[in-house]
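Coordinates as given in start_13.cif (mmCIF, C-alpha atoms):
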data_my_file
#
loop_
_atom_site.label_atom_id
_atom_site.label_comp_id
_atom_site.auth_asym_id
_atom_site.auth_seq_id
_atom_site.Cartn_x
_atom_site.Cartn_y
_atom_site.Cartn_z
CA MET A 104 0.35 51.14 57.06
CA ALA A 105 -2.04 49.20 54.90
CA ALA A 106 -2.57 45.57 55.81
CA ASP A 107 -2.28 42.79 53.27
CA ALA A 108 -5.63 41.99 51.65
CA ASP A 109 -5.08 38.28 52.33
CA CYS A 110 -5.19 38.95 56.06
CA TYR A 111 -8.87 39.94 55.84
CA LEU A 112 -9.83 36.80 53.88
CA TRP A 113 -8.34 34.34 56.35
CA ASN A 114 -10.81 32.48 58.55
CA ASN A 115 -10.02 30.78 61.88
CA ASP A 116 -13.12 28.54 61.79
CA GLN A 117 -11.98 24.89 62.18
CA SER A 118 -14.91 23.52 60.15
CA GLN A 119 -14.04 25.65 57.11
CA LEU A 120 -10.89 25.36 55.06
CA CYS A 121 -9.72 28.71 53.80
CA TYR A 122 -8.30 28.75 50.27
CA ASN A 123 -9.67 32.15 49.33
CA CYS A 124 -6.45 34.00 50.03
CA ASN A 125 -3.55 34.05 47.59
CA SER A 126 -1.08 32.83 50.21
CA CYS A 127 -3.06 29.61 50.78
CA LYS A 128 -3.45 29.07 47.04
CA ALA A 129 0.30 29.46 46.51
CA GLY A 130 1.05 26.96 49.27
CA LEU A 131 -1.44 24.44 47.92
CA LEU A 132 -0.08 24.77 44.38
CA GLY A 133 3.46 24.33 45.68
CA ASN A 134 2.51 21.07 47.39
CA LEU A 135 0.66 19.81 44.31
CA ARG A 136 3.59 20.65 42.06
CA LYS A 137 5.95 18.67 44.29
CA ASP A 138 3.62 15.65 44.31
CA TRP A 139 3.11 15.74 40.54
CA ARG A 140 6.87 15.84 39.94
CA LYS A 141 7.16 12.52 41.75
CA ALA A 142 4.26 11.09 39.73
CA ASN A 143 5.78 12.35 36.46
CA LEU A 144 9.09 10.69 37.28
CA ILE A 145 7.35 7.37 37.93
CA LEU A 146 5.37 7.68 34.69
CA ILE A 147 8.47 8.50 32.63
CA ILE A 148 10.34 5.50 34.05
CA THR A 149 7.33 3.28 33.31
CA VAL A 150 7.15 4.50 29.71
CA VAL A 151 10.87 3.87 29.18
CA VAL A 152 10.56 0.33 30.57
CA LEU A 153 7.52 -0.39 28.38
CA ILE A 154 9.33 0.88 25.28
CA CYS A 155 12.30 -1.39 26.08
CA VAL A 156 10.01 -4.39 26.52
CA TYR A 157 8.25 -3.56 23.25
CA VAL A 158 11.54 -3.31 21.33
CA ILE A 159 12.74 -6.63 22.75
CA ALA A 160 9.43 -8.31 21.93
CA CYS A 161 9.46 -6.96 18.35
CA SER A 162 13.02 -8.15 17.76
CA ALA A 163 12.20 -11.59 19.19
CA PHE A 164 9.11 -11.81 16.96
CA ARG A 165 11.11 -10.87 13.85
CA ASN A 166 13.82 -13.34 14.78
CA ALA A 167 11.23 -16.10 15.13
CA GLN A 168 9.76 -15.24 11.72
CA THR A 169 13.21 -15.29 10.12
CA GLU A 170 13.95 -18.70 11.60
CA ASP A 171 10.69 -20.10 10.17
CA LEU A 172 11.43 -18.58 6.77
CA PHE A 173 14.89 -20.12 6.46
CA ARG A 174 14.14 -23.41 8.25
CA LYS A 175 13.48 -25.28 5.00
CA TYR A 176 16.80 -24.11 3.57
CA LYS A 177 18.72 -25.02 6.72
CA GLN A 178 17.36 -28.58 6.75
CA GLY A 179 18.82 -29.25 3.32
CA TRP A 180 22.35 -28.33 4.40
CA VAL A 181 22.43 -29.93 7.83
#

For this file, produce the structure as structure tokens.
Amino acid sequence: MAADADCYLWNNDQSQLCYNCNSCKAGLLGNLRKDWRKANLILIITVVVLICVYVIACSAFRNAQTEDLFRKYKQGWV
């Protein structure tokens, strides 16, 4: 029986982290993928909130400009 090639790359030295084997790389990438999914979710929610704030601010700004434009006409009728 042939042993897995990763078994020969593994090192038991406590001062050295072993990421030379494919098994360790797969585990590390799995952990990173899980962490980045959480970060992506937070970023997507932040972007949606910022877009909502931007739309509300733009509509408030346009409303304020419209009020200034028609203020002189409203004063004549009131």

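Atom pair CA of Tyr157 in chain A / CA of Arg140 in chain A: separated by 25.6 Å.
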
Checklist entry - What is the CA of Lys141 in chain A-CA of Cys155 in chain A distance in Å, reported with one decimal? => result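 A separation of 21.6 Å between them.
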
Checklist outcome for this item: One decimal place gives the CA of Lys137 in chain A-CA of Thr149 in chain A separation as 19.0 Å
